[in-house]
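Participant: Please read through the structure below; I'll follow up with questions.
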Amino acid sequence: MPKEMRDLLIHGGRVIDPGSERDQVCDLLIRNGRIEDVGKGFAIPDGAEQMDATGLVVAPGFVDPHCHLREPGYEYKETIATGTAAAAAGGFTTVCTMANTNPPVDSKTALETVQEISSETAIVNVYPLASITMGLRGEQLVQMGELSQAGAIGFSDDGVPVSSSRLMRHALEYAQMFDRPICNHCEDPSLTDGTSMNEGAISTKLGLPGTPVQAEEIMLARDLALADLAGGRYHALHLSAARSVDLIRVAKDRGLRVTAEVTPHHLTMTDETVAGRWEPVSAALRPYDPVTKVNPPLRTEADIENLRAGLADGTIDCIGTDHAPHADHEKRVEYAVAAAGFSGLETAFAVSTELVRDGVLGLPALIARLTAGARVFRLPHGTLAKGAAADVALLDPDLEWVVDAAGFKSRGKNTPFHGQTVIGRVLMTICGGNVVFDLNQERIETAGALGS
Amino acid sequence: MPLHRKHLLDIDDFSRDEITTVLDTAESMSEILARPISRVPTLRGKTIVNVFYEASTRTRVSFELAGKYLSADVINITASGSSTQKGESLVDTMRTIQALGADMVVMRHHESGAPYLAAAELDCSVINAGDGWHAHPTQALLDLFTVRKELGELEGKKLVIVGDILHSRVARSNIWGFTRMGMRVVLCGPATLLPSTFQNLPDANGLLSLELDADAAIEGADVVMALRIQKERMQAGLLPDLREYAALYGVNRARLEKASPTAIVMHPGPMNQGIEISPEVAYGSSSLIEKQVANGLAIRMSIFYLLAGGR
């Protein structure tokens, strides 16, 4: 959709740019897809389109370090077109995609497939990761050199933990030649075999085999020990357990090049929802509703507390959605059989604002965590600095709305937040100077569709 | 008193009054069963479909007979002979059964929670006949019925459940049933089959405790319930050896002497004699194992009757 771009002035909004520690009511000028100027009192060019952002927050477009867009291979779950539309609706202008597509991204050809589809259909920036091992089988390393050169930003077998310590060691050693992070899904497979939720009183009551937090702690501790041995950059995906935060903190204190991520749902939901949720009625869940099933599983209040503390003090670098869309028929089955994962891009911001209301961190810090994925992968995004790509999210942090999965841009309607009233809404998303999401326009179109 | 419920999925939220209603109704059903011709027309014209995704003899036959004694049309479906083998989903099977006109579905399933999925998808009543490790509510009700017949008042009595608690839906349902009626429940088994998370179960009213030593657990018990040990538990690394299990946890005559002199012995079946229970105990004077089976019929008739709106 290349069209002639007019200059765009967003004025009167509260501009929050964590990178430059800016938090002030000022103006933002976009020209030719880049941030031309930000601040007060700069000259406004003639003919610039003006947008009044009074009362709103102007933030860098969010960067998701972890999502599954499913294409190629699982287009019935999601495509790069629908997934990036969901990203835009959630304020994300950059998404890092996991390699567990079909075929998996374990070769230059597969990587180029993702890149080509993205260049044709994506409406936000897509940065693919490649897998660590061929076919995600945990046996043989992928050609990290060629893949890095071709644009893989990091390596991950996400969905399948790298079980062999020897192979993980070599992955860490080898990837540092190309300065790419190794990202592991931390679960000891021998402790997760056949499990489908957190191990504890709730799993005991429900008679569902549970995954103890130790499954994550063991794998994470091993990985950190190997990072110490091998050097290299290591990124811990979707941490769920309280003590994982402590492990990361110690590793960082020792100077290891380690980063960590947490999802909005692991910061806000516990395993009690697997036993059902009765309040509010509009968001009621029956016991064993697979909409609560996710890997790693939802844990406990104590875990949430420590994850929040870790996010607040910077031990955990970023929020990642682990957006994992699934088709209805994969979730409308027995709990143990159901696919794990939530469709997360469109609710991430609204769900995370609970942290601000709970006093865990301020809105600027929350925005920092929602954009810090760019630092993990060293991407030139997540900033409103002059000259940067004009990736902008326009937010109303106080707007209440009700999550309606049926209205998702994502093909994955699998969200435990359906029917829930949440606070904080993305009103507009601009990527590279293009408006890729406009809530008002959506409303007009929806109304028009209903009218006709 | 009617039972204001559509489904029987678990008894964890049953009140004492509700349990009493089911047991009292089962007494009436026992009277019907004692007649020369035990058939009554209560559910005439109703269709009950037994869907069993897991092998079962006593439970399936018990539900089938219970329906027939109440004059319902009863159809049995087993997973091995159904479209499930062709890959049909549980939801689709359920909807098909509903389209065929079922009024009640009795479901046995190897996955915990499967009956909740059925209940969410169906308009008719769903009765849980055992789901995974989770619940076996009619077994707990028949156990309560059996114990009440034998001991009268339940309040203050002590039940010991010995065996593979971790994998037992019978144990879970009995925890809720017996504590709700004011009995103390002691869970006993090897630590691999009795994780400490059982101690943290909500809503057990402080009446639940764990004991790894079988002799200590059985001390002074009014009811001793042995659970079936499956041989697969050894492969999973949960038990070294069945011989050692029998020595440490088998309910035998010597161990039973520690219980109350009037103690009764139960087992949900099927039994591994000589492993979790010795033959002299299983067939001894304190054993109610066969009575459990007979009482199961009355309980299932009671449940059909009450869920159909009877009072």
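Chain labels A, B, ... are given in the sequence in which chains occur in the structure tokens; within each chain residues are numbered consecutively from 1, and ligands are likewise numbered from 1 in the order shown.
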Report the residues of range 95-129 of chain A whose backbone DSSP state falls under alpha helix (DSSP H), written as an MDAnalysis selection string.
Facilitator: chainID A and resid 108:121
Participant: Write the selection just made, keeping C-alpha atoms, as an mmCIF file, in the first residue's frame?
Facilitator:
```cif
data_model
loop_
_atom_site.group_PDB
_atom_site.id
_atom_site.type_symbol
_atom_site.label_atom_id
_atom_site.label_comp_id
_atom_site.auth_asym_id
_atom_site.auth_seq_id
_atom_site.Cartn_x
_atom_site.Cartn_y
_atom_site.Cartn_z
ATOM 1 C CA LYS A 108 17.595 -20.395 4.781
ATOM 2 C CA THR A 109 14.799 -21.436 2.420
ATOM 3 C CA ALA A 110 12.280 -21.660 5.248
ATOM 4 C CA LEU A 111 13.455 -18.330 6.647
ATOM 5 C CA GLU A 112 13.076 -16.698 3.249
ATOM 6 C CA THR A 113 9.565 -18.101 2.953
ATOM 7 C CA VAL A 114 8.599 -16.298 6.154
ATOM 8 C CA GLN A 115 10.350 -13.146 4.990
ATOM 9 C CA GLU A 116 8.645 -13.211 1.593
ATOM 10 C CA ILE A 117 5.176 -13.778 3.001
ATOM 11 C CA SER A 118 5.872 -11.010 5.499
ATOM 12 C CA SER A 119 6.970 -8.544 2.865
ATOM 13 C CA GLU A 120 3.748 -9.224 0.973
ATOM 14 C CA THR A 121 1.207 -9.464 3.769
#
```
Participant: Set the cut-off to 10 Å and count only C-alpha atoms: what are the residues of chain A that reach chain B? Output as a list in words.
Facilitator: Glu199, Gly200, Ala201, Ile202, Ser203, Thr204, Lys205, Leu206, Gly207, Leu208, Pro209, Ala275, Arg286, Pro287, Tyr288, Asp289, Pro290, His329, Glu330, Arg332, Val333, Glu334, Tyr335, Ala336 and Val337 of chain A
Participant: Ranking B:Arg180, B:His136, B:His7, B:Arg228 by minimum distance to Gly156 in chain B and counting only C-alpha atoms, which one comes first?
Facilitator: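 Among the listed residues, B:Arg180 lies closest to Gly156 in chain B.
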Participant: With a distance cut-off of 8 Å and only C-alpha atoms, select the neighbouring residues of range 123-133 of chain A, excluding the residue or stretch itself and same-chain residues fewer than 4 positions from it, and output the selection as JSON, numbers by chain.
Facilitator: {"A": [81, 84, 85, 87, 88, 92, 93, 94, 95, 96, 97, 98, 99, 100, 104, 105, 106, 107, 111, 114, 115, 118, 137, 138, 139, 140, 141, 142, 147, 151, 152, 153, 154, 155, 156, 157, 158, 171, 182, 431, 436]}
Participant: Return the single residue from B:Asp164, B:Leu187, B:Arg255, B:Gly177 that is closest to Lys231 in chain B, with distances computed using only C-alpha atoms.
Facilitator: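 Among the listed residues, the smallest separation from Lys231 in chain B belongs to B:Asp164.
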Participant: Mind the document's chain letters and residue numbers, and return as a ChimeraX atom specification the residues of range 106-164 of chain A that DSSP labels strand (DSSP E or B).
Facilitator: /A:125-128,130,133,141,155-156
Participant: For the selection you just gave me, I'd like the residues written to a file as a PDB file, in the first residue's frame, keeping N, CA and C atoms.
Facilitator:
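What ended up in result.pdb:
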```pdb
ATOM      1  N   ASN A 125       6.334  -4.795  11.457  1.00  0.00           N
ATOM      2  CA  ASN A 125       7.650  -5.399  11.212  1.00  0.00           C
ATOM      3  C   ASN A 125       7.698  -6.825  11.756  1.00  0.00           C
ATOM      4  N   VAL A 126       8.128  -7.741  10.929  1.00  0.00           N
ATOM      5  CA  VAL A 126       8.248  -9.132  11.352  1.00  0.00           C
ATOM      6  C   VAL A 126       9.716  -9.527  11.319  1.00  0.00           C
ATOM      7  N   TYR A 127      10.213  -9.986  12.470  1.00  0.00           N
ATOM      8  CA  TYR A 127      11.595 -10.471  12.559  1.00  0.00           C
ATOM      9  C   TYR A 127      11.575 -11.930  12.992  1.00  0.00           C
ATOM     10  N   PRO A 128      11.883 -12.828  12.071  1.00  0.00           N
ATOM     11  CA  PRO A 128      11.823 -14.246  12.443  1.00  0.00           C
ATOM     12  C   PRO A 128      13.046 -14.717  13.227  1.00  0.00           C
ATOM     13  N   ALA A 130      15.115 -18.298  14.002  1.00  0.00           N
ATOM     14  CA  ALA A 130      15.247 -19.636  13.440  1.00  0.00           C
ATOM     15  C   ALA A 130      15.296 -20.621  14.598  1.00  0.00           C
ATOM     16  N   THR A 133      17.724 -26.263  16.525  1.00  0.00           N
ATOM     17  CA  THR A 133      18.090 -27.570  15.961  1.00  0.00           C
ATOM     18  C   THR A 133      17.219 -27.902  14.751  1.00  0.00           C
ATOM     19  N   LEU A 141      22.483 -28.975  15.217  1.00  0.00           N
ATOM     20  CA  LEU A 141      22.322 -27.522  15.125  1.00  0.00           C
ATOM     21  C   LEU A 141      21.958 -27.099  13.701  1.00  0.00           C
ATOM     22  N   PHE A 155      17.825 -17.622  17.956  1.00  0.00           N
ATOM     23  CA  PHE A 155      17.510 -19.035  17.730  1.00  0.00           C
ATOM     24  C   PHE A 155      16.696 -19.588  18.887  1.00  0.00           C
ATOM     25  N   SER A 156      15.660 -20.343  18.544  1.00  0.00           N
ATOM     26  CA  SER A 156      14.817 -20.932  19.581  1.00  0.00           C
ATOM     27  C   SER A 156      14.073 -22.150  19.051  1.00  0.00           C
TER      28      SER A 156
END
```
Participant: One number please: CA of Leu226 in chain A to CA of Asp179 in chain A, in Å, one decimal.
Facilitator: 16.5 Å
Participant: Could you tell me how far CA of His381 in chain A lies from CA of Leu399 in chain A, in Å and to one decimal?
Facilitator: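 Spanning CA of His381 in chain A to CA of Leu399 in chain A is a straight-line distance of 26.0 Å.
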Participant: Between CA of Ser148 in chain A and CA of Asp253 in chain A, what is the distance, to one decimal in Å?
Facilitator: 28.8 Å
Participant: Which residues are near Ala214 in chain B? Cut-off 12 Å, only C-alpha atoms, ignore same chain within fewer than 6 positions. Put them as a PyMOL selection string.
Facilitator: chain B and resi 160-163+186-191+220-221+224-226+245-252+254-256+258-259+276
Participant: I need the chosen residues saved as a short mmCIF file (atom, residue, chain, number, x, y, z; two decimals), in the first residue's frame, with N, CA and C atoms.
Facilitator:
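out_2.cif written:
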```cif
data_model
loop_
_atom_site.label_atom_id
_atom_site.label_comp_id
_atom_site.auth_asym_id
_atom_site.auth_seq_id
_atom_site.Cartn_x
_atom_site.Cartn_y
_atom_site.Cartn_z
N VAL B 160 -10.01 -44.63 56.77
CA VAL B 160 -8.64 -44.65 56.25
C VAL B 160 -8.69 -45.18 54.82
N ILE B 161 -8.12 -44.43 53.91
CA ILE B 161 -8.03 -44.89 52.53
C ILE B 161 -6.56 -45.23 52.27
N VAL B 162 -6.30 -46.48 51.94
CA VAL B 162 -4.91 -46.95 51.79
C VAL B 162 -4.63 -47.29 50.34
N GLY B 163 -3.57 -46.73 49.81
CA GLY B 163 -3.15 -47.15 48.48
C GLY B 163 -2.70 -46.03 47.58
N VAL B 186 -8.30 -40.22 56.70
CA VAL B 186 -6.84 -40.32 56.70
C VAL B 186 -6.43 -40.99 55.38
N LEU B 187 -5.58 -40.31 54.65
CA LEU B 187 -5.06 -40.87 53.40
C LEU B 187 -3.73 -41.54 53.72
N CYS B 188 -3.54 -42.73 53.19
CA CYS B 188 -2.33 -43.47 53.51
C CYS B 188 -1.79 -44.15 52.26
N GLY B 189 -0.51 -44.00 52.04
CA GLY B 189 0.11 -44.66 50.89
C GLY B 189 1.56 -44.28 50.83
N PRO B 190 2.32 -44.90 49.93
CA PRO B 190 3.72 -44.52 49.78
C PRO B 190 3.82 -43.07 49.28
N ALA B 191 4.88 -42.38 49.64
CA ALA B 191 5.00 -40.94 49.35
C ALA B 191 4.89 -40.65 47.86
N GLY B 220 -7.28 -47.50 65.20
CA GLY B 220 -8.57 -47.00 65.65
C GLY B 220 -9.55 -46.65 64.55
N ALA B 221 -9.29 -47.06 63.31
CA ALA B 221 -10.17 -46.69 62.20
C ALA B 221 -11.50 -47.43 62.27
N VAL B 224 -11.88 -49.09 56.83
CA VAL B 224 -10.60 -49.21 56.13
C VAL B 224 -10.91 -49.49 54.66
N MET B 225 -10.46 -48.60 53.80
CA MET B 225 -10.72 -48.77 52.37
C MET B 225 -9.39 -48.98 51.66
N ALA B 226 -9.28 -50.10 50.96
CA ALA B 226 -8.06 -50.36 50.19
C ALA B 226 -8.33 -50.02 48.73
N TYR B 245 5.27 -53.35 48.29
CA TYR B 245 4.02 -52.61 48.53
C TYR B 245 3.10 -53.40 49.46
N ALA B 246 2.94 -54.70 49.14
CA ALA B 246 2.06 -55.54 49.95
C ALA B 246 2.53 -55.59 51.40
N ALA B 247 3.84 -55.65 51.58
CA ALA B 247 4.37 -55.71 52.94
C ALA B 247 4.11 -54.41 53.70
N LEU B 248 4.26 -53.28 52.99
CA LEU B 248 4.14 -51.99 53.68
C LEU B 248 2.69 -51.50 53.79
N TYR B 249 1.87 -51.82 52.78
CA TYR B 249 0.54 -51.20 52.72
C TYR B 249 -0.62 -52.18 52.53
N GLY B 250 -0.32 -53.47 52.35
CA GLY B 250 -1.40 -54.43 52.16
C GLY B 250 -2.31 -54.45 53.38
N VAL B 251 -3.62 -54.46 53.15
CA VAL B 251 -4.56 -54.56 54.27
C VAL B 251 -4.73 -56.05 54.57
N ASN B 252 -4.09 -56.48 55.63
CA ASN B 252 -4.15 -57.88 56.02
C ASN B 252 -4.68 -58.00 57.45
N ALA B 254 -3.35 -58.92 60.31
CA ALA B 254 -2.55 -58.36 61.41
C ALA B 254 -2.74 -56.84 61.49
N ARG B 255 -2.73 -56.21 60.31
CA ARG B 255 -2.86 -54.76 60.27
C ARG B 255 -4.26 -54.33 60.72
N LEU B 256 -5.24 -55.12 60.32
CA LEU B 256 -6.63 -54.77 60.62
C LEU B 256 -6.91 -54.83 62.13
N LYS B 258 -5.33 -53.45 64.30
CA LYS B 258 -5.08 -52.12 64.88
C LYS B 258 -6.32 -51.24 64.81
N ALA B 259 -7.22 -51.61 63.88
CA ALA B 259 -8.42 -50.79 63.70
C ALA B 259 -9.40 -51.03 64.84
N GLU B 276 -2.95 -55.37 47.51
CA GLU B 276 -3.45 -54.29 48.39
C GLU B 276 -4.39 -54.83 49.48
#
```
Participant: I'd like to know which of A:Pro65, A:Gly145, A:Pro181, A:Gly232 is closest to Ala372 in chain A, using only C-alpha atoms.
Facilitator: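 Counting only C-alpha atoms, the residue closest to Ala372 in chain A is A:Pro65.
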Participant: Using only C-alpha atoms, which residue out of A:Asn295, A:Ser20, A:Thr315, A:Thr446 lies closest to Cys186 in chain A?
Facilitator: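 Among the listed residues, the smallest separation from Cys186 in chain A belongs to A:Asn295.
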